[in-house]
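Trainee: Let me begin by handing over the structure; questions about it come next.
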Amino acid sequence: MSENILEVKGLTKDYGDFVLDKLTFTVPKGVIMGLIGENGAGKSTTINCILNEISKTDGNIEIFGKDYLSEEIEIKDKIGVVFDENHFPDIFTPNEIGTYMSGIYSKWERNTYVNYLSKFELPADKRVKDFSKGMKVKLAFAVALSHKAELLILDEPINGLDPIGIAEVRDFIRELCDTSGKTILISSHILSEISLLADNIGIIDHGALLEEESLAE
């Protein structure tokens, strides 16, 4: 039996006008799990609950076999995250972000980070506010992949990108999957893109998980 990196059981978040309703799914080690659903279906709410960016109403979440709240610091040290919006201070440069991250992650690798900046052709001394949307996404990947993360969580990473940017990010994720065997949870409203990447998919609609199965099924 595969080791489950992420286990979500009965996850509920009640906003009153929207309810994430008792979601249950698992992400085994080495598997790419795609969460598919229209905008507003509950994908980002699910991910924000998993990351404890928002508090759940009910349910249980375990990551690496540990409770996501009581072991939060240890768990987040091994997670890489890419959001659909920039979460870095606009006045920082990639160099400054690298210095900042070295004080957060126990396994931060400066050389790996510098290599990704070079691979993505990101100017190390240019302020984030002057980056395009695609450059900000690539910067997020550079950070997420430079501290030996065992789980990558990608929330709509291609949202808002132009066709060239979408192709670049998609190809990079595919390359990453083929070469590293990382465990990935990726959300998107674009089924055609997820179908090129995911092993398993979960379909979310109006806060409910309609299906969870292998892509082949």
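By order in the structure tokens, chains are A, B, ...; within a chain, residues start at 1; ligands start at 1, following the order shown.
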Leaving out Asp17 in chain A and any residue of its chain fewer than 3 positions from it, which residues lie within 12 Å of it when counting only C-alpha atoms, given as a list in words?

Mentor: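 Counting only the stated atoms, we get Lys13, Asp14, Leu20, Gly40, His206 and Gly207 of chain A.
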
Trainee: Determine, counting only C-alpha atoms, which protein, DNA and RNA residues have an atom within 8 Å of an atom of Gly30 in chain A; residues of the same chain fewer than 5 positions away are not included. Present the result as a PyMOL selection string.

Mentor: chain A and resi 181-184

Trainee: Which of these residues is nearest to Leu51 in chain A, using only C-alpha atoms: A:Tyr15, A:Phe25, A:Phe83, A:Tyr100?

Mentor: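 Of A:Tyr15, A:Phe25, A:Phe83, A:Tyr100, the one nearest Leu51 in chain A is A:Phe83, counting only C-alpha atoms.
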
Trainee: Excluding range 146-150 of chain A and its own-chain neighbours fewer than 3 positions away, which residues fall within 6 Å of it when counting only C-alpha atoms? Please give them as a VMD selection string.

Mentor: chain A and resid 78 to 80 107 to 109 112 to 113 143

Trainee: Take the residues from that selection and write them out as a PDB file, in the first residue's frame, keeping N, CA, C and O atoms.

Mentor:
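After the write, again35.pdb holds the following:
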```pdb
ATOM      1  N   LYS A  78       8.530  21.254   4.937  1.00  0.00           N
ATOM      2  CA  LYS A  78       8.698  20.268   3.864  1.00  0.00           C
ATOM      3  C   LYS A  78       7.671  20.434   2.746  1.00  0.00           C
ATOM      4  O   LYS A  78       7.473  19.537   1.945  1.00  0.00           O
ATOM      5  N   ILE A  79       7.018  21.611   2.714  1.00  0.00           N
ATOM      6  CA  ILE A  79       6.023  21.873   1.672  1.00  0.00           C
ATOM      7  C   ILE A  79       6.469  23.062   0.824  1.00  0.00           C
ATOM      8  O   ILE A  79       6.936  24.074   1.344  1.00  0.00           O
ATOM      9  N   GLY A  80       6.315  22.929  -0.488  1.00  0.00           N
ATOM     10  CA  GLY A  80       6.530  24.041  -1.404  1.00  0.00           C
ATOM     11  C   GLY A  80       5.193  24.467  -1.980  1.00  0.00           C
ATOM     12  O   GLY A  80       4.382  23.617  -2.348  1.00  0.00           O
ATOM     13  N   LYS A 107      16.220  23.432   5.237  1.00  0.00           N
ATOM     14  CA  LYS A 107      17.025  22.808   4.181  1.00  0.00           C
ATOM     15  C   LYS A 107      17.149  23.707   2.950  1.00  0.00           C
ATOM     16  O   LYS A 107      17.286  23.231   1.824  1.00  0.00           O
ATOM     17  N   TRP A 108      17.114  25.017   3.177  1.00  0.00           N
ATOM     18  CA  TRP A 108      17.232  25.954   2.060  1.00  0.00           C
ATOM     19  C   TRP A 108      18.569  25.775   1.349  1.00  0.00           C
ATOM     20  O   TRP A 108      19.625  25.677   1.985  1.00  0.00           O
ATOM     21  N   GLU A 109      18.514  25.722   0.021  1.00  0.00           N
ATOM     22  CA  GLU A 109      19.715  25.522  -0.786  1.00  0.00           C
ATOM     23  C   GLU A 109      19.912  26.732  -1.700  1.00  0.00           C
ATOM     24  O   GLU A 109      19.249  26.853  -2.735  1.00  0.00           O
ATOM     25  N   THR A 112      20.767  25.929  -5.381  1.00  0.00           N
ATOM     26  CA  THR A 112      19.609  25.451  -6.135  1.00  0.00           C
ATOM     27  C   THR A 112      18.730  26.623  -6.548  1.00  0.00           C
ATOM     28  O   THR A 112      18.269  26.708  -7.697  1.00  0.00           O
ATOM     29  N   TYR A 113      18.509  27.534  -5.617  1.00  0.00           N
ATOM     30  CA  TYR A 113      17.678  28.710  -5.877  1.00  0.00           C
ATOM     31  C   TYR A 113      18.286  29.574  -6.979  1.00  0.00           C
ATOM     32  O   TYR A 113      17.600  29.970  -7.929  1.00  0.00           O
ATOM     33  N   VAL A 143      11.372  29.323  -5.447  1.00  0.00           N
ATOM     34  CA  VAL A 143      11.369  29.244  -3.987  1.00  0.00           C
ATOM     35  C   VAL A 143      10.855  27.880  -3.524  1.00  0.00           C
ATOM     36  O   VAL A 143      11.449  27.228  -2.651  1.00  0.00           O
TER      37      VAL A 143
END
```

Trainee: Would you give me, as a short mmCIF file (atom, residue, chain, number, x, y, z; two decimals) with all heavy atoms, in the first residue's frame, the residues in range 11-201 of chain A that DSSP reads as strand (DSSP E)?

Mentor:
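Heads up, here's the output in selection.cif:
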```cif
data_model
loop_
_atom_site.label_atom_id
_atom_site.label_comp_id
_atom_site.auth_asym_id
_atom_site.auth_seq_id
_atom_site.Cartn_x
_atom_site.Cartn_y
_atom_site.Cartn_z
N LEU A 11 -13.43 17.24 5.45
CA LEU A 11 -13.08 18.66 5.57
C LEU A 11 -14.28 19.54 5.24
O LEU A 11 -14.87 19.45 4.17
CB LEU A 11 -11.93 18.99 4.62
CG LEU A 11 -11.51 20.48 4.55
CD1 LEU A 11 -11.04 20.97 5.90
CD2 LEU A 11 -10.43 20.68 3.49
N THR A 12 -14.62 20.39 6.20
CA THR A 12 -15.76 21.29 6.05
C THR A 12 -15.35 22.72 6.43
O THR A 12 -14.65 22.93 7.43
CB THR A 12 -16.93 20.85 6.96
OG1 THR A 12 -17.32 19.53 6.60
CG2 THR A 12 -18.12 21.78 6.82
N LYS A 13 -15.77 23.66 5.62
CA LYS A 13 -15.60 25.08 5.92
C LYS A 13 -16.92 25.77 5.59
O LYS A 13 -17.34 25.78 4.42
CB LYS A 13 -14.45 25.69 5.11
CG LYS A 13 -14.30 27.21 5.32
CD LYS A 13 -13.94 27.55 6.75
CE LYS A 13 -13.76 29.06 6.94
NZ LYS A 13 -13.46 29.41 8.35
N ASP A 14 -17.55 26.34 6.61
CA ASP A 14 -18.86 26.96 6.45
C ASP A 14 -18.73 28.48 6.50
O ASP A 14 -18.41 29.05 7.54
CB ASP A 14 -19.81 26.47 7.55
CG ASP A 14 -21.25 26.89 7.30
OD1 ASP A 14 -21.49 27.76 6.44
OD2 ASP A 14 -22.14 26.35 7.99
N VAL A 19 -20.45 26.62 1.47
CA VAL A 19 -19.98 25.56 2.37
C VAL A 19 -19.10 24.58 1.60
O VAL A 19 -19.52 24.02 0.58
CB VAL A 19 -21.17 24.79 2.99
CG1 VAL A 19 -20.64 23.67 3.89
CG2 VAL A 19 -22.06 25.73 3.79
N LEU A 20 -17.88 24.40 2.09
CA LEU A 20 -17.04 23.31 1.61
C LEU A 20 -17.49 22.09 2.41
O LEU A 20 -17.34 22.06 3.64
CB LEU A 20 -15.57 23.63 1.87
CG LEU A 20 -14.53 22.70 1.23
CD1 LEU A 20 -14.54 22.88 -0.28
CD2 LEU A 20 -13.14 23.00 1.79
N ASP A 21 -18.06 21.10 1.74
CA ASP A 21 -18.88 20.10 2.43
C ASP A 21 -18.23 18.72 2.51
O ASP A 21 -18.30 17.92 1.57
CB ASP A 21 -20.23 20.00 1.71
CG ASP A 21 -21.26 19.21 2.50
OD1 ASP A 21 -21.07 19.04 3.71
OD2 ASP A 21 -22.24 18.77 1.88
N LYS A 22 -17.59 18.45 3.64
CA LYS A 22 -17.11 17.11 4.00
C LYS A 22 -16.26 16.46 2.91
O LYS A 22 -16.50 15.32 2.49
CB LYS A 22 -18.30 16.21 4.33
CG LYS A 22 -19.11 16.69 5.53
CD LYS A 22 -20.32 15.81 5.79
CE LYS A 22 -21.16 16.36 6.94
NZ LYS A 22 -22.38 15.57 7.17
N LEU A 23 -15.23 17.19 2.46
CA LEU A 23 -14.33 16.64 1.44
C LEU A 23 -13.43 15.58 2.04
O LEU A 23 -12.85 15.77 3.12
CB LEU A 23 -13.47 17.77 0.84
CG LEU A 23 -13.95 18.36 -0.48
CD1 LEU A 23 -15.27 19.08 -0.27
CD2 LEU A 23 -12.92 19.32 -1.05
N THR A 24 -13.30 14.47 1.34
CA THR A 24 -12.42 13.39 1.75
C THR A 24 -11.63 12.91 0.54
O THR A 24 -12.21 12.53 -0.47
CB THR A 24 -13.21 12.21 2.35
OG1 THR A 24 -13.88 12.65 3.54
CG2 THR A 24 -12.29 11.05 2.68
N PHE A 25 -10.30 12.97 0.63
CA PHE A 25 -9.44 12.44 -0.43
C PHE A 25 -8.04 12.23 0.12
O PHE A 25 -7.68 12.73 1.19
CB PHE A 25 -9.40 13.38 -1.65
CG PHE A 25 -8.81 14.73 -1.41
CD1 PHE A 25 -7.45 14.97 -1.58
CD2 PHE A 25 -9.62 15.80 -1.02
CE1 PHE A 25 -6.90 16.22 -1.37
CE2 PHE A 25 -9.09 17.06 -0.80
CZ PHE A 25 -7.72 17.28 -0.98
N THR A 26 -7.24 11.47 -0.61
CA THR A 26 -5.85 11.21 -0.23
C THR A 26 -4.93 11.49 -1.41
O THR A 26 -5.34 11.40 -2.57
CB THR A 26 -5.65 9.75 0.23
OG1 THR A 26 -5.98 8.88 -0.86
CG2 THR A 26 -6.51 9.43 1.43
N VAL A 27 -3.69 11.82 -1.08
CA VAL A 27 -2.66 11.99 -2.10
C VAL A 27 -1.49 11.08 -1.72
O VAL A 27 -0.72 11.40 -0.81
CB VAL A 27 -2.19 13.45 -2.22
CG1 VAL A 27 -1.15 13.57 -3.34
CG2 VAL A 27 -3.36 14.39 -2.46
N PRO A 28 -1.36 9.92 -2.38
CA PRO A 28 -0.25 9.01 -2.07
C PRO A 28 1.11 9.59 -2.49
O PRO A 28 1.19 10.46 -3.36
CB PRO A 28 -0.58 7.76 -2.90
CG PRO A 28 -2.04 7.87 -3.21
CD PRO A 28 -2.30 9.34 -3.34
N ILE A 32 0.57 12.69 -8.57
CA ILE A 32 0.11 14.05 -8.88
C ILE A 32 -1.42 14.03 -8.82
O ILE A 32 -2.07 13.35 -9.61
CB ILE A 32 0.56 14.51 -10.26
CG1 ILE A 32 2.07 14.38 -10.40
CG2 ILE A 32 0.13 15.96 -10.51
CD1 ILE A 32 2.56 14.39 -11.82
N MET A 33 -1.96 14.76 -7.86
CA MET A 33 -3.41 14.83 -7.68
C MET A 33 -3.91 16.17 -8.19
O MET A 33 -3.44 17.23 -7.77
CB MET A 33 -3.74 14.69 -6.19
CG MET A 33 -5.19 14.98 -5.83
SD MET A 33 -6.28 13.61 -6.24
CE MET A 33 -7.83 14.21 -5.55
N GLY A 34 -4.85 16.14 -9.12
CA GLY A 34 -5.43 17.36 -9.66
C GLY A 34 -6.81 17.62 -9.07
O GLY A 34 -7.66 16.73 -9.07
N LEU A 35 -7.02 18.83 -8.56
CA LEU A 35 -8.35 19.25 -8.12
C LEU A 35 -8.95 20.10 -9.23
O LEU A 35 -8.41 21.16 -9.57
CB LEU A 35 -8.26 20.07 -6.83
CG LEU A 35 -7.99 19.33 -5.53
CD1 LEU A 35 -7.94 20.33 -4.36
CD2 LEU A 35 -9.04 18.27 -5.27
N ILE A 36 -10.05 19.63 -9.81
CA ILE A 36 -10.68 20.29 -10.93
C ILE A 36 -12.01 20.91 -10.51
O ILE A 36 -12.78 20.28 -9.79
CB ILE A 36 -10.96 19.29 -12.08
CG1 ILE A 36 -9.68 18.55 -12.47
CG2 ILE A 36 -11.57 19.99 -13.28
CD1 ILE A 36 -8.65 19.41 -13.08
N ASP A 58 -14.74 21.86 10.32
CA ASP A 58 -14.77 20.47 10.81
C ASP A 58 -13.88 19.62 9.92
O ASP A 58 -13.44 20.04 8.85
CB ASP A 58 -16.20 19.93 10.80
CG ASP A 58 -16.38 18.69 11.68
OD1 ASP A 58 -15.43 18.36 12.41
OD2 ASP A 58 -17.45 18.08 11.62
N GLY A 59 -13.61 18.41 10.37
CA GLY A 59 -12.81 17.48 9.59
C GLY A 59 -11.41 17.31 10.12
O GLY A 59 -11.00 17.99 11.08
N ASN A 60 -10.65 16.41 9.50
CA ASN A 60 -9.27 16.13 9.90
C ASN A 60 -8.33 16.20 8.70
O ASN A 60 -8.70 15.79 7.59
CB ASN A 60 -9.17 14.73 10.53
CG ASN A 60 -9.94 14.63 11.83
OD1 ASN A 60 -9.64 15.33 12.79
ND2 ASN A 60 -10.94 13.76 11.86
N ILE A 61 -7.14 16.73 8.94
CA ILE A 61 -6.12 16.82 7.90
C ILE A 61 -4.80 16.30 8.47
O ILE A 61 -4.36 16.76 9.53
CB ILE A 61 -5.92 18.28 7.42
CG1 ILE A 61 -7.24 18.84 6.84
CG2 ILE A 61 -4.80 18.35 6.38
CD1 ILE A 61 -7.20 20.34 6.57
N GLU A 62 -4.21 15.34 7.77
CA GLU A 62 -2.88 14.85 8.14
C GLU A 62 -1.95 15.00 6.95
O GLU A 62 -2.31 14.68 5.82
CB GLU A 62 -2.93 13.38 8.58
CG GLU A 62 -3.56 13.17 9.94
CD GLU A 62 -3.37 11.75 10.44
OE1 GLU A 62 -2.77 10.92 9.72
OE2 GLU A 62 -3.82 11.47 11.57
N ILE A 63 -0.75 15.50 7.22
CA ILE A 63 0.27 15.66 6.19
C ILE A 63 1.54 14.97 6.69
O ILE A 63 1.96 15.22 7.84
CB ILE A 63 0.55 17.14 5.89
CG1 ILE A 63 -0.77 17.87 5.57
CG2 ILE A 63 1.53 17.29 4.72
CD1 ILE A 63 -0.62 19.37 5.39
N LYS A 66 1.15 13.37 10.04
CA LYS A 66 1.12 14.20 11.24
C LYS A 66 -0.08 15.15 11.19
O LYS A 66 -0.53 15.53 10.11
CB LYS A 66 2.40 15.02 11.38
CG LYS A 66 3.68 14.18 11.43
CD LYS A 66 4.91 15.07 11.48
CE LYS A 66 6.20 14.26 11.43
NZ LYS A 66 6.36 13.41 12.63
N ASP A 67 -0.58 15.52 12.37
CA ASP A 67 -1.67 16.47 12.44
C ASP A 67 -1.20 17.82 11.91
O ASP A 67 -0.16 18.34 12.34
CB ASP A 67 -2.15 16.62 13.88
CG ASP A 67 -3.26 17.65 13.99
OD1 ASP A 67 -4.39 17.36 13.57
OD2 ASP A 67 -2.97 18.77 14.49
N ILE A 79 7.02 21.61 2.71
CA ILE A 79 6.02 21.87 1.67
C ILE A 79 6.47 23.06 0.82
O ILE A 79 6.94 24.07 1.34
CB ILE A 79 4.64 22.19 2.28
CG1 ILE A 79 4.09 20.98 3.03
CG2 ILE A 79 3.65 22.60 1.20
CD1 ILE A 79 2.75 21.23 3.70
N GLY A 80 6.31 22.93 -0.49
CA GLY A 80 6.53 24.04 -1.40
C GLY A 80 5.19 24.47 -1.98
O GLY A 80 4.38 23.62 -2.35
N VAL A 81 4.94 25.78 -2.04
CA VAL A 81 3.63 26.27 -2.45
C VAL A 81 3.77 27.30 -3.57
O VAL A 81 4.65 28.17 -3.53
CB VAL A 81 2.90 26.92 -1.26
CG1 VAL A 81 1.51 27.40 -1.69
CG2 VAL A 81 2.77 25.95 -0.10
N VAL A 82 2.90 27.17 -4.57
CA VAL A 82 2.79 28.18 -5.64
C VAL A 82 1.31 28.59 -5.72
O VAL A 82 0.46 27.76 -6.03
CB VAL A 82 3.26 27.64 -7.00
CG1 VAL A 82 3.05 28.70 -8.09
CG2 VAL A 82 4.73 27.24 -6.94
N LEU A 151 6.37 17.79 -0.65
CA LEU A 151 5.02 17.96 -1.19
C LEU A 151 4.93 19.34 -1.82
O LEU A 151 5.29 20.34 -1.19
CB LEU A 151 3.97 17.83 -0.07
CG LEU A 151 2.53 18.23 -0.43
CD1 LEU A 151 1.96 17.28 -1.49
CD2 LEU A 151 1.65 18.23 0.82
N LEU A 152 4.47 19.38 -3.07
CA LEU A 152 4.23 20.65 -3.74
C LEU A 152 2.73 20.87 -3.84
O LEU A 152 1.99 19.97 -4.25
CB LEU A 152 4.84 20.66 -5.15
CG LEU A 152 6.36 20.62 -5.26
CD1 LEU A 152 6.76 20.63 -6.74
CD2 LEU A 152 6.99 21.78 -4.54
N ILE A 153 2.29 22.07 -3.45
CA ILE A 153 0.88 22.44 -3.56
C ILE A 153 0.79 23.63 -4.51
O ILE A 153 1.35 24.69 -4.24
CB ILE A 153 0.28 22.78 -2.19
CG1 ILE A 153 0.31 21.54 -1.28
CG2 ILE A 153 -1.15 23.30 -2.34
CD1 ILE A 153 -0.27 21.76 0.11
N LEU A 154 0.13 23.42 -5.63
CA LEU A 154 0.07 24.42 -6.70
C LEU A 154 -1.39 24.85 -6.88
O LEU A 154 -2.22 24.07 -7.33
CB LEU A 154 0.62 23.84 -8.01
CG LEU A 154 1.94 23.06 -7.92
CD1 LEU A 154 2.32 22.51 -9.29
CD2 LEU A 154 3.06 23.93 -7.36
N ASP A 155 -1.68 26.09 -6.52
CA ASP A 155 -3.06 26.60 -6.59
C ASP A 155 -3.22 27.46 -7.84
O ASP A 155 -2.77 28.60 -7.87
CB ASP A 155 -3.38 27.41 -5.33
CG ASP A 155 -4.84 27.82 -5.27
OD1 ASP A 155 -5.66 27.25 -6.03
OD2 ASP A 155 -5.18 28.71 -4.47
N THR A 183 5.58 14.47 -4.96
CA THR A 183 4.15 14.41 -4.71
C THR A 183 3.58 15.80 -4.91
O THR A 183 4.09 16.78 -4.35
CB THR A 183 3.87 13.93 -3.27
OG1 THR A 183 4.55 12.69 -3.06
CG2 THR A 183 2.38 13.76 -3.04
N ILE A 184 2.52 15.90 -5.71
CA ILE A 184 2.00 17.22 -6.08
C ILE A 184 0.49 17.24 -5.96
O ILE A 184 -0.20 16.33 -6.42
CB ILE A 184 2.41 17.60 -7.52
CG1 ILE A 184 3.93 17.64 -7.66
CG2 ILE A 184 1.80 18.95 -7.92
CD1 ILE A 184 4.43 17.89 -9.08
N LEU A 185 -0.03 18.31 -5.35
CA LEU A 185 -1.46 18.61 -5.38
C LEU A 185 -1.61 19.88 -6.19
O LEU A 185 -1.04 20.92 -5.84
CB LEU A 185 -2.01 18.83 -3.96
CG LEU A 185 -3.48 19.27 -3.86
CD1 LEU A 185 -4.40 18.17 -4.39
CD2 LEU A 185 -3.84 19.62 -2.41
N ILE A 186 -2.35 19.81 -7.29
CA ILE A 186 -2.48 20.96 -8.19
C ILE A 186 -3.96 21.23 -8.47
O ILE A 186 -4.72 20.30 -8.76
CB ILE A 186 -1.69 20.73 -9.51
CG1 ILE A 186 -1.86 21.93 -10.45
CG2 ILE A 186 -2.07 19.43 -10.18
CD1 ILE A 186 -0.94 21.88 -11.67
N SER A 187 -4.36 22.48 -8.35
CA SER A 187 -5.75 22.84 -8.65
C SER A 187 -5.80 23.64 -9.94
O SER A 187 -4.87 24.36 -10.28
CB SER A 187 -6.35 23.68 -7.51
OG SER A 187 -5.87 25.01 -7.55
N SER A 188 -6.92 23.49 -10.65
CA SER A 188 -7.12 24.25 -11.87
C SER A 188 -8.58 24.16 -12.30
O SER A 188 -9.28 23.21 -11.95
CB SER A 188 -6.22 23.73 -13.00
OG SER A 188 -6.43 24.47 -14.20
N ASN A 200 -4.16 11.27 -10.63
CA ASN A 200 -5.51 11.17 -10.06
C ASN A 200 -6.17 12.54 -10.14
O ASN A 200 -5.49 13.57 -10.11
CB ASN A 200 -5.47 10.73 -8.60
CG ASN A 200 -4.87 9.36 -8.41
OD1 ASN A 200 -4.74 8.59 -9.37
ND2 ASN A 200 -4.48 9.04 -7.19
N ILE A 201 -7.50 12.56 -10.21
CA ILE A 201 -8.21 13.83 -10.19
C ILE A 201 -9.37 13.77 -9.22
O ILE A 201 -9.97 12.72 -8.97
CB ILE A 201 -8.74 14.24 -11.59
CG1 ILE A 201 -9.76 13.22 -12.12
CG2 ILE A 201 -7.62 14.45 -12.57
CD1 ILE A 201 -10.51 13.71 -13.35
#
```

Trainee: Give me the residues near range 168-179 of chain A as a VMD selection string, where near means some atom within 7 Å (using only C-alpha atoms) and where sequence neighbours in that chain fewer than 3 positions away do not count.

Mentor: chain A and resid 158 164 to 165 182 197

Trainee: Near Pro89 in chain A, within 12 Å and counting only C-alpha atoms, which residues show up once chain neighbours fewer than 2 positions away are dropped, as a PyMOL selection string?

Mentor: chain A and resi 85-87+91-94+96-97+100+127-131+136

Trainee: Emit the selected residues as a PDB file, in the first residue's frame, including C-alpha atoms.

Mentor:
```pdb
ATOM      1  CA  GLU A  85      -1.303  35.413  -6.907  1.00  0.00           C
ATOM      2  CA  ASN A  86       2.066  36.834  -5.906  1.00  0.00           C
ATOM      3  CA  HIS A  87       2.723  36.360  -2.174  1.00  0.00           C
ATOM      4  CA  ILE A  91       9.696  45.831  -3.005  1.00  0.00           C
ATOM      5  CA  PHE A  92      11.882  42.712  -2.608  1.00  0.00           C
ATOM      6  CA  THR A  93      14.246  41.376  -5.238  1.00  0.00           C
ATOM      7  CA  PRO A  94      14.797  37.622  -5.826  1.00  0.00           C
ATOM      8  CA  GLU A  96      16.486  39.458  -1.005  1.00  0.00           C
ATOM      9  CA  ILE A  97      13.752  36.824  -1.064  1.00  0.00           C
ATOM     10  CA  TYR A 100      14.754  35.807   3.726  1.00  0.00           C
ATOM     11  CA  ARG A 127      12.097  44.245  -7.772  1.00  0.00           C
ATOM     12  CA  VAL A 128       9.142  41.855  -7.844  1.00  0.00           C
ATOM     13  CA  LYS A 129       6.762  44.741  -8.593  1.00  0.00           C
ATOM     14  CA  ASP A 130       8.407  45.032 -12.000  1.00  0.00           C
ATOM     15  CA  PHE A 131       7.920  41.348 -12.828  1.00  0.00           C
ATOM     16  CA  LYS A 136       6.178  35.906 -10.558  1.00  0.00           C
TER      17      LYS A 136
END
```

Trainee: Contacts of Ile190 in chain A at 10 Å or less, counting only C-alpha atoms, minus same-chain residues fewer than 4 places along, as a PyMOL selection string?

Mentor: chain A and resi 36-39+156+158-159+194-195

Trainee: Would you export the selected residues with C-alpha atoms as an mmCIF file, in the first residue's frame, please?

Mentor:
```cif
data_model
loop_
_atom_site.group_PDB
_atom_site.id
_atom_site.type_symbol
_atom_site.label_atom_id
_atom_site.label_comp_id
_atom_site.auth_asym_id
_atom_site.auth_seq_id
_atom_site.Cartn_x
_atom_site.Cartn_y
_atom_site.Cartn_z
ATOM 1 C CA ILE A 36 -10.678 20.295 -10.934
ATOM 2 C CA GLY A 37 -13.554 22.733 -10.678
ATOM 3 C CA GLU A 38 -14.958 26.013 -11.884
ATOM 4 C CA ASN A 39 -13.845 29.250 -10.268
ATOM 5 C CA GLU A 156 -4.060 27.600 -10.152
ATOM 6 C CA ILE A 158 -1.326 28.896 -14.815
ATOM 7 C CA ASN A 159 -4.256 31.200 -14.047
ATOM 8 C CA ILE A 194 -4.612 18.982 -15.658
ATOM 9 C CA SER A 195 -5.253 15.944 -17.858
#
```

Trainee: List every residue of range 2-191 of chain A that DSSP, applied to the backbone, labels as alpha helix (DSSP H), and write the result as a ChimeraX atom specification.

Mentor: /A:43-50,72-76,94-102,110-119,133-144,163-180,191

Trainee: Nearest to His189 in chain A: which of A:Ala208, A:Leu6, A:Ala124, A:Ala41 is it, counting only C-alpha atoms?

Mentor: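 For His189 in chain A, the nearest of the given residues is A:Ala41.
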
Trainee: For the atom pair CA of Pro123 in chain A and CA of Ser106 in chain A, what is the interatomic distance in Å to one decimal place?

Mentor: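 Those two atoms sit 25.1 Å apart.
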
Trainee: Would you mind telling me which residue in A:Leu161, A:Ile73, A:Gly16, A:Glu212 lies nearest to Thr57 in chain A when using only C-alpha atoms?

Mentor: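 Once distances to Thr57 in chain A are computed over only C-alpha atoms, the minimum belongs to A:Gly16.
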